[in-house]
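So this block is input.cif, mmCIF, C-alpha atoms and all ligand atoms:
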data_coords
loop_
_atom_site.label_atom_id
_atom_site.label_comp_id
_atom_site.auth_asym_id
_atom_site.auth_seq_id
_atom_site.Cartn_x
_atom_site.Cartn_y
_atom_site.Cartn_z
CA MET P 1 0.00 0.00 0.00
CA TRP P 2 2.85 2.29 0.90
CA SER P 3 4.68 1.51 -2.35
CA GLN P 4 1.50 2.22 -4.30
CA ALA P 5 1.21 5.57 -2.59
CA LEU P 6 4.88 6.22 -3.30
CA THR P 7 4.51 5.34 -6.98
CA HIS P 8 1.53 7.62 -7.25
CA PHE P 9 3.42 10.35 -5.47
CA THR P 10 6.48 9.85 -7.69
CA SER P 11 4.48 9.94 -10.91
CA LEU P 12 2.94 13.19 -9.78
CA TRP P 13 6.21 15.03 -9.52
CA LEU P 14 7.71 13.31 -12.54
CA GLN P 15 5.31 15.24 -14.70
CA GLN P 16 6.03 18.59 -13.19
CA PRO P 17 8.60 21.11 -14.39
CA CYS P 18 11.51 22.16 -12.21
CA PRO P 19 9.96 24.50 -9.60
CA LEU P 20 12.96 26.84 -9.70
CA CYS P 21 13.32 27.41 -13.45
CA ASP P 22 10.15 25.89 -15.00
CA ARG P 23 12.14 23.65 -17.34
CA ALA P 24 10.61 20.21 -17.83
CA HIS P 25 12.73 17.70 -15.96
CA PRO P 26 12.02 14.26 -14.48
CA ALA P 27 13.26 15.01 -10.98
CA PRO P 28 12.24 17.14 -8.01
CA LEU P 29 14.41 19.85 -9.53
CA CYS P 30 16.65 20.03 -12.58
CA ASP P 31 20.38 19.29 -12.56
CA ARG P 32 21.32 22.86 -13.29
CA CYS P 33 19.31 24.26 -10.38
CA TRP P 34 20.67 21.51 -8.14
CA GLN P 35 24.22 22.48 -9.17
CA GLN P 36 23.46 26.11 -8.43
CA LEU P 37 22.12 25.14 -5.00
CA GLN P 38 25.52 23.63 -4.19
CA SER P 39 26.98 27.15 -4.15
CA CYS P 40 25.06 27.72 -0.90
CA GLN P 41 26.54 24.66 0.76
CA TRP P 42 29.23 25.13 3.32
CA VAL P 43 31.53 22.73 5.06
CA GLU P 44 31.71 23.97 8.57
CA PRO P 45 31.57 21.46 11.42
CA PRO P 46 28.62 21.44 13.84
CA GLN P 47 28.53 24.70 15.81
CA ARG P 48 27.95 24.69 19.54
CA GLU P 49 25.49 27.39 20.53
CA ALA P 50 24.19 28.83 23.78
CA ASP P 51 22.22 26.39 25.96
CA ALA P 52 24.49 23.53 24.86
CA LEU P 53 22.61 23.20 21.59
CA THR P 54 24.80 22.08 18.71
CA VAL P 55 23.69 23.20 15.26
CA LEU P 56 24.49 21.49 11.97
CA THR P 57 23.25 23.17 8.79
CA TRP P 58 23.70 22.25 5.16
CA GLY P 59 24.03 25.69 3.67
CA ARG P 60 23.73 29.42 3.79
CA TYR P 61 20.25 30.93 3.65
CA GLN P 62 20.76 32.90 0.45
CA HIS P 63 19.75 32.67 -3.18
CA PRO P 64 19.10 30.13 -4.67
CA LEU P 65 18.65 28.00 -1.52
CA LYS P 66 16.34 30.67 -0.12
CA ARG P 67 14.28 30.39 -3.29
CA ALA P 68 14.13 26.58 -3.03
CA ILE P 69 12.93 26.71 0.58
CA ALA P 70 10.31 29.31 -0.34
CA ALA P 71 9.11 27.06 -3.19
CA LEU P 72 8.86 24.18 -0.72
CA LYS P 73 7.03 26.12 1.97
CA TYR P 74 4.86 28.60 0.16
CA GLU P 75 4.30 27.21 -3.33
CA GLY P 76 3.36 23.68 -2.37
CA HIS P 77 6.46 22.00 -3.88
CA ARG P 78 6.63 19.60 -0.98
CA TYR P 79 8.75 17.04 -2.87
CA LEU P 80 11.69 19.51 -2.70
CA ALA P 81 12.01 18.35 0.90
CA THR P 82 13.36 15.02 -0.38
CA PRO P 83 16.63 16.15 -2.05
CA LEU P 84 17.17 18.81 0.61
CA GLY P 85 16.60 16.35 3.46
CA GLN P 86 18.87 13.79 1.77
CA ALA P 87 21.62 16.38 1.33
CA LEU P 88 21.30 17.26 5.02
CA GLY P 89 21.53 13.55 5.81
CA GLN P 90 24.74 13.25 3.78
CA ARG P 91 26.09 16.22 5.68
CA TRP P 92 25.30 14.42 8.93
CA GLN P 93 27.05 11.28 7.67
CA GLN P 94 30.19 13.34 6.97
CA THR P 95 30.18 15.36 10.20
CA PRO P 96 27.63 14.06 12.70
CA ILE P 97 27.03 15.65 16.08
CA PRO P 98 28.84 13.20 18.38
CA THR P 99 26.51 11.23 20.68
CA ARG P 100 26.85 8.02 22.71
CA GLN P 101 23.66 6.58 21.27
CA PRO P 102 22.25 7.30 17.82
CA PRO P 103 19.78 10.13 18.31
CA TRP P 104 16.06 9.92 17.76
CA VAL P 105 14.94 12.53 15.28
CA ILE P 106 12.04 14.90 15.93
CA PRO P 107 10.83 17.62 13.54
CA ILE P 108 9.82 20.98 14.95
CA PRO P 109 6.04 20.93 14.73
CA LEU P 110 4.30 23.73 12.92
CA HIS P 111 1.70 25.92 14.51
CA PRO P 112 -1.65 24.10 13.93
CA GLN P 113 -3.14 26.98 11.97
CA LYS P 114 -0.08 27.22 9.69
CA GLN P 115 -0.09 23.47 9.14
CA ARG P 116 -3.78 23.58 8.15
CA ASP P 117 -3.15 26.44 5.73
CA ARG P 118 -0.05 24.80 4.20
CA GLY P 119 -1.30 21.23 4.29
CA PHE P 120 2.03 19.85 5.49
CA ASN P 121 4.91 20.54 7.83
CA GLN P 122 8.11 21.09 5.83
CA ALA P 123 10.30 20.19 8.84
CA ALA P 124 8.55 16.81 9.06
CA LEU P 125 9.15 16.13 5.35
CA ILE P 126 12.81 17.13 5.66
CA ALA P 127 13.18 14.95 8.78
CA ASP P 128 11.66 12.00 6.90
CA ALA P 129 14.18 12.30 4.03
CA PHE P 130 17.00 12.93 6.52
CA CYS P 131 16.17 9.70 8.39
CA HIS P 132 15.83 7.79 5.14
CA GLN P 133 19.38 8.86 4.26
CA THR P 134 20.97 8.35 7.70
CA GLY P 135 18.99 5.37 8.98
CA LEU P 136 18.21 7.25 12.19
CA THR P 137 14.84 6.71 13.85
CA LEU P 138 12.17 9.29 13.10
CA LEU P 139 9.68 10.18 15.82
CA ALA P 140 7.35 12.26 13.68
CA ARG P 141 5.07 12.98 16.63
CA GLY P 142 7.73 13.41 19.29
CA LEU P 143 6.65 16.96 19.91
CA GLN P 144 3.36 18.68 19.39
CA ARG P 145 2.61 22.32 19.14
CA GLN P 146 -0.14 23.76 21.21
CA ARG P 147 -1.91 26.82 20.06
CA ALA P 148 0.16 29.75 21.33
CA THR P 149 -1.84 31.67 23.89
CA LEU P 150 -0.93 35.00 22.29
CA PRO P 151 -0.06 35.97 18.74
CA GLN P 152 3.70 36.64 18.51
CA PHE P 153 3.05 39.86 16.66
CA GLY P 154 3.58 42.91 18.85
CA LEU P 155 5.36 41.07 21.67
CA GLY P 156 8.80 42.00 23.01
CA VAL P 157 11.71 39.54 23.01
CA THR P 158 11.07 38.23 26.54
CA GLU P 159 7.34 37.95 25.97
CA ARG P 160 7.95 36.08 22.72
CA GLN P 161 10.18 33.60 24.51
CA GLN P 162 7.59 33.08 27.24
CA ASN P 163 4.88 32.70 24.64
CA LEU P 164 6.95 30.13 22.73
CA ALA P 165 7.80 28.28 25.94
CA ASN P 166 4.13 27.35 26.19
CA ALA P 167 3.91 26.44 22.53
CA PHE P 168 5.44 22.94 22.69
CA ALA P 169 4.47 19.76 24.50
CA LEU P 170 5.66 16.15 24.37
CA GLY P 171 3.94 14.24 21.60
CA PRO P 172 2.59 10.67 21.68
CA ASP P 173 5.79 9.19 20.18
CA LEU P 174 7.78 10.13 23.29
CA LEU P 175 5.29 9.43 26.04
CA THR P 176 5.79 5.67 26.08
CA ARG P 177 9.50 5.48 25.28
CA PRO P 178 12.42 5.00 27.66
CA GLN P 179 14.81 7.95 27.74
CA SER P 180 17.60 5.85 26.25
CA HIS P 181 18.53 8.02 23.25
CA PRO P 182 19.27 11.71 22.84
CA ILE P 183 16.95 13.81 20.73
CA LEU P 184 17.97 15.54 17.51
CA LEU P 185 15.64 18.32 16.36
CA VAL P 186 15.03 19.11 12.68
CA ASP P 187 13.92 22.42 11.21
CA ASP P 188 14.08 24.00 7.78
CA ILE P 189 15.88 27.24 8.70
CA TYR P 190 17.96 28.15 11.71
CA THR P 191 17.96 31.87 12.45
CA THR P 192 18.15 33.03 16.06
CA GLY P 193 17.39 29.60 17.51
CA THR P 194 14.54 30.86 19.69
CA THR P 195 12.12 28.22 18.43
CA VAL P 196 14.44 25.23 18.74
CA ARG P 197 15.61 26.39 22.18
CA ALA P 198 11.99 26.52 23.34
CA ALA P 199 11.43 22.99 21.98
CA ALA P 200 14.66 21.73 23.58
CA ALA P 201 13.71 23.30 26.91
CA VAL P 202 10.42 21.37 27.00
CA LEU P 203 12.21 18.09 26.22
CA ARG P 204 14.89 18.71 28.84
CA ARG P 205 12.31 19.66 31.45
CA HIS P 206 10.84 16.19 30.96
CA GLY P 207 14.24 14.55 31.38
CA TRP P 208 15.22 14.07 27.73
CA SER P 209 18.71 14.81 26.53
CA VAL P 210 18.85 17.01 23.40
CA CYS P 211 22.06 16.72 21.37
CA GLY P 212 21.30 19.44 18.87
CA VAL P 213 19.47 20.60 15.80
CA VAL P 214 19.96 20.05 12.08
CA ALA P 215 18.52 22.47 9.53
CA ILE P 216 18.80 22.93 5.79
CA ALA P 217 19.85 26.56 5.94
CA ARG P 218 21.32 28.98 8.38
CA SER P 219 20.56 32.65 8.21
CA VAL P 220 23.70 34.66 8.83
CA SER P 221 22.69 38.10 7.61
CA ASP P 222 21.80 39.39 11.07
CA GLN P 223 24.91 38.01 12.72
CA ALA P 224 27.60 39.89 10.88
ZN ZN P 301 15.68 24.11 -12.65
#
Would you mind giving the structure from this file in structure tokens?
Amino acid sequence: MWSQALTHFTSLWLQQPCPLCDRAHPAPLCDRCWQQLQSCQWVEPPQREADALTVLTWGRYQHPLKRAIAALKYEGHRYLATPLGQALGQRWQQTPIPTRQPPWVIPIPLHPQKQRDRGFNQAALIADAFCHQTGLTLLARGLQRQRATLPQFGLGVTERQQNLANAFALGPDLLTRPQSHPILLVDDIYTTGTTVRAAAAVLRRHGWSVCGVVAIARSVSDQA
């Protein structure tokens, strides 16, 4: 049944043009655009951030990677998550975040309203491809997002953090598991880290160890 669904899914995107240049091409995106995306890739080792969160990203959040992520998130080209998640997985295989046990992988859940509007969670799709590449265990419902009590708009930095702190809760995939493996979070873009830190804080409060976060792109423009 799964393979049928996969075949159907595959044939759907086989007929579509490359979402970045509109050229007809039998792949999630054409070779030329994929080559151009490589210019965004960097080869820096995992970076240790505040709160003992180690961050591994595939590339720089700039054109054309920025364009590819926008096509994935806002134009419904969900199959772009596959090559991007695989590339992130290859990155992990080259320079993993060191852990005693292989981590369990949890995507950052999307706000319920956003997920309804978009129809999918891009972090979950990326995490799926990442786990397919690395062989790590995916806990798709390891975290769940509760409706934030306040809209983030108009809040100060501290208020935003407090608001986000209430946004995450343990999901059903974690409730019945022993705390034998560290958790690796997956997101599409890493900017200030506020969201992943809030997610990590909830996990740690419940006794889970969080080894870090992997993301496709890192935004560096505001850190110069
Ligand atoms: Zn293209």
Residue neighbourhood P:Pro172, 12 Å, only C-alpha atoms, exclusion window fewer than 4 positions, as an mmCIF file with C-alpha atoms, in the coordinates of the input:
data_model
loop_
_atom_site.group_PDB
_atom_site.id
_atom_site.type_symbol
_atom_site.label_atom_id
_atom_site.label_comp_id
_atom_site.auth_asym_id
_atom_site.auth_seq_id
_atom_site.Cartn_x
_atom_site.Cartn_y
_atom_site.Cartn_z
ATOM 1 C CA ILE P 106 12.040 14.900 15.930
ATOM 2 C CA LEU P 139 9.680 10.180 15.820
ATOM 3 C CA ALA P 140 7.350 12.260 13.680
ATOM 4 C CA ARG P 141 5.070 12.980 16.630
ATOM 5 C CA GLY P 142 7.730 13.410 19.290
ATOM 6 C CA LEU P 143 6.650 16.960 19.910
ATOM 7 C CA GLN P 144 3.360 18.680 19.390
ATOM 8 C CA ARG P 145 2.610 22.320 19.140
ATOM 9 C CA THR P 176 5.790 5.670 26.080
ATOM 10 C CA ARG P 177 9.500 5.480 25.280
#
Distance of atom CA of P:Trp42 from atom CA of P:His111, expressed in Å to one decimal place:
29.7 Å
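The space separating atom CA of P:Ser209 from atom CA of P:Ile183 comes to 6.1 Å.
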With 6 Å as the cut-off and all atoms listed in the file counted, what is the closest atom pair between each nearby residue of chain P and ligand ZN 301 (chain P)? Distances in Å to one decimal, ordered by chain and number, as a Markdown table.
| residue | atom | partner | partner_atom | distance |
| --- | --- | --- | --- | --- |
| P:Cys18 | CA | P:ZN301 | ZN | 4.6 |
| P:Leu20 | CA | P:ZN301 | ZN | 4.9 |
| P:Cys21 | CA | P:ZN301 | ZN | 4.1 |
| P:Arg23 | CA | P:ZN301 | ZN | 5.9 |
| P:Leu29 | CA | P:ZN301 | ZN | 5.4 |
| P:Cys30 | CA | P:ZN301 | ZN | 4.2 |
| P:Arg32 | CA | P:ZN301 | ZN | 5.8 |
| P:Cys33 | CA | P:ZN301 | ZN | 4.3 |
Skipping near chain neighbours, those fewer than 2 positions away, what residues fall within 10 Å of P:Val186 using only C-alpha atoms, listed as a list of chain:residue names?
P:Val55, P:Leu56, P:Thr57, P:Gly85, P:Val105, P:Ile106, P:Pro107, P:Ile108, P:Pro109, P:Gln122, P:Ala123, P:Ala124, P:Leu125, P:Ile126, P:Ala127, P:Asp128, P:Phe130, P:Ile183, P:Leu184, P:Asp188, P:Ile189, P:Tyr190, P:Val196, P:Gly212, P:Val213, P:Val214, P:Ala215, P:Ile216
Residues as selected, C-alpha atoms, written as a PDB file, in the coordinates of the input, can you do that?
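And here is the file that came out, selection31.pdb:
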ATOM      1  CA  VAL P  55      23.690  23.200  15.260  1.00  0.00           C
ATOM      2  CA  LEU P  56      24.490  21.490  11.970  1.00  0.00           C
ATOM      3  CA  THR P  57      23.250  23.170   8.790  1.00  0.00           C
ATOM      4  CA  GLY P  85      16.600  16.350   3.460  1.00  0.00           C
ATOM      5  CA  VAL P 105      14.940  12.530  15.280  1.00  0.00           C
ATOM      6  CA  ILE P 106      12.040  14.900  15.930  1.00  0.00           C
ATOM      7  CA  PRO P 107      10.830  17.620  13.540  1.00  0.00           C
ATOM      8  CA  ILE P 108       9.820  20.980  14.950  1.00  0.00           C
ATOM      9  CA  PRO P 109       6.040  20.930  14.730  1.00  0.00           C
ATOM     10  CA  GLN P 122       8.110  21.090   5.830  1.00  0.00           C
ATOM     11  CA  ALA P 123      10.300  20.190   8.840  1.00  0.00           C
ATOM     12  CA  ALA P 124       8.550  16.810   9.060  1.00  0.00           C
ATOM     13  CA  LEU P 125       9.150  16.130   5.350  1.00  0.00           C
ATOM     14  CA  ILE P 126      12.810  17.130   5.660  1.00  0.00           C
ATOM     15  CA  ALA P 127      13.180  14.950   8.780  1.00  0.00           C
ATOM     16  CA  ASP P 128      11.660  12.000   6.900  1.00  0.00           C
ATOM     17  CA  PHE P 130      17.000  12.930   6.520  1.00  0.00           C
ATOM     18  CA  ILE P 183      16.950  13.810  20.730  1.00  0.00           C
ATOM     19  CA  LEU P 184      17.970  15.540  17.510  1.00  0.00           C
ATOM     20  CA  ASP P 188      14.080  24.000   7.780  1.00  0.00           C
ATOM     21  CA  ILE P 189      15.880  27.240   8.700  1.00  0.00           C
ATOM     22  CA  TYR P 190      17.960  28.150  11.710  1.00  0.00           C
ATOM     23  CA  VAL P 196      14.440  25.230  18.740  1.00  0.00           C
ATOM     24  CA  GLY P 212      21.300  19.440  18.870  1.00  0.00           C
ATOM     25  CA  VAL P 213      19.470  20.600  15.800  1.00  0.00           C
ATOM     26  CA  VAL P 214      19.960  20.050  12.080  1.00  0.00           C
ATOM     27  CA  ALA P 215      18.520  22.470   9.530  1.00  0.00           C
ATOM     28  CA  ILE P 216      18.800  22.930   5.790  1.00  0.00           C
TER      29      ILE P 216
END
Give me the residues near P:Gln41 as number ranges by chain, where near means some atom within 9 Å (using only C-alpha atoms) and where sequence neighbours in that chain fewer than 6 positions away do not count.
P: 57-60, 65, 217
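Minimum atom-to-atom distance to P:Gln38, evaluated using only C-alpha atoms, belongs to P:Gln62 out of P:Gln179, P:Thr134, P:Gln115, P:Gln62.
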P:Ser180, P:Gln94, P:Thr54, P:Gln35 ranked by distance to P:Ala200, top pick (using only C-alpha atoms):
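Residue with the minimum atom-to-atom distance to P:Ala200: P:Thr54.
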Neighbour list for P:Pro64 as a list in words, cut-off 8 Å, only C-alpha atoms, skip fewer than 6 positions in-chain
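Close residues of P:Pro64: Gln36, Leu37 and Cys40 of chain P.
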Just write the chosen residues, C-alpha atoms, as an mmCIF file, in the frame of the given file.
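Wrote it out as result15.cif, contents follow:
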data_model
loop_
_atom_site.group_PDB
_atom_site.id
_atom_site.type_symbol
_atom_site.label_atom_id
_atom_site.label_comp_id
_atom_site.auth_asym_id
_atom_site.auth_seq_id
_atom_site.Cartn_x
_atom_site.Cartn_y
_atom_site.Cartn_z
ATOM 1 C CA GLN P 36 23.460 26.110 -8.430
ATOM 2 C CA LEU P 37 22.120 25.140 -5.000
ATOM 3 C CA CYS P 40 25.060 27.720 -0.900
#
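For the pair atom CA of P:Gly119 and atom CA of P:Gly135, the separation is 26.2 Å.
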For P:Ile69, the nearest of the candidates P:His132, P:Arg218, P:Arg48, P:His206, counting all atoms listed in the file
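Using all atoms listed in the file, the shortest distance to P:Ile69 belongs to P:Arg218.
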Taking all atoms of stretch 32-40 of chain P that appear in the file, build a box with edges along x, y and z, extend it by 5 Å on every side, and state its centre and edge lengths in Å to one decimal, as JSON.
{"center_x": 23.1, "center_y": 24.6, "center_z": -7.1, "size_x": 17.7, "size_y": 16.2, "size_z": 22.4}
Skip P:Arg205 itself and residues of its chain fewer than 4 positions away, then list as a PDB file with C-alpha atoms, in the coordinates of the input all residues within 12 Å of it, counting all atoms listed in the file.
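Resulting contents of part11.pdb:
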ATOM      1  CA  ALA P 165       7.800  28.280  25.940  1.00  0.00           C
ATOM      2  CA  PHE P 168       5.440  22.940  22.690  1.00  0.00           C
ATOM      3  CA  ALA P 169       4.470  19.760  24.500  1.00  0.00           C
ATOM      4  CA  LEU P 170       5.660  16.150  24.370  1.00  0.00           C
ATOM      5  CA  ARG P 197      15.610  26.390  22.180  1.00  0.00           C
ATOM      6  CA  ALA P 198      11.990  26.520  23.340  1.00  0.00           C
ATOM      7  CA  ALA P 199      11.430  22.990  21.980  1.00  0.00           C
ATOM      8  CA  ALA P 200      14.660  21.730  23.580  1.00  0.00           C
ATOM      9  CA  ALA P 201      13.710  23.300  26.910  1.00  0.00           C
ATOM     10  CA  SER P 209      18.710  14.810  26.530  1.00  0.00           C
ATOM     11  CA  VAL P 210      18.850  17.010  23.400  1.00  0.00           C
TER      12      VAL P 210
END
Would you save stretch 140-177 of chain P to a file, keeping C-alpha atoms, as a tab-separated table (two decimals), in the first residue's frame?
chain	number	residue	atom	x	y	z
P	140	ALA	CA	7.35	12.26	13.68
P	141	ARG	CA	5.07	12.98	16.63
P	142	GLY	CA	7.73	13.41	19.29
P	143	LEU	CA	6.65	16.96	19.91
P	144	GLN	CA	3.36	18.68	19.39
P	145	ARG	CA	2.61	22.32	19.14
P	146	GLN	CA	-0.14	23.76	21.21
P	147	ARG	CA	-1.91	26.82	20.06
P	148	ALA	CA	0.16	29.75	21.33
P	149	THR	CA	-1.84	31.67	23.89
P	150	LEU	CA	-0.93	35.00	22.29
P	151	PRO	CA	-0.06	35.97	18.74
P	152	GLN	CA	3.70	36.64	18.51
P	153	PHE	CA	3.05	39.86	16.66
P	154	GLY	CA	3.58	42.91	18.85
P	155	LEU	CA	5.36	41.07	21.67
P	156	GLY	CA	8.80	42.00	23.01
P	157	VAL	CA	11.71	39.54	23.01
P	158	THR	CA	11.07	38.23	26.54
P	159	GLU	CA	7.34	37.95	25.97
P	160	ARG	CA	7.95	36.08	22.72
P	161	GLN	CA	10.18	33.60	24.51
P	162	GLN	CA	7.59	33.08	27.24
P	163	ASN	CA	4.88	32.70	24.64
P	164	LEU	CA	6.95	30.13	22.73
P	165	ALA	CA	7.80	28.28	25.94
P	166	ASN	CA	4.13	27.35	26.19
P	167	ALA	CA	3.91	26.44	22.53
P	168	PHE	CA	5.44	22.94	22.69
P	169	ALA	CA	4.47	19.76	24.50
P	170	LEU	CA	5.66	16.15	24.37
P	171	GLY	CA	3.94	14.24	21.60
P	172	PRO	CA	2.59	10.67	21.68
P	173	ASP	CA	5.79	9.19	20.18
P	174	LEU	CA	7.78	10.13	23.29
P	175	LEU	CA	5.29	9.43	26.04
P	176	THR	CA	5.79	5.67	26.08
P	177	ARG	CA	9.50	5.48	25.28
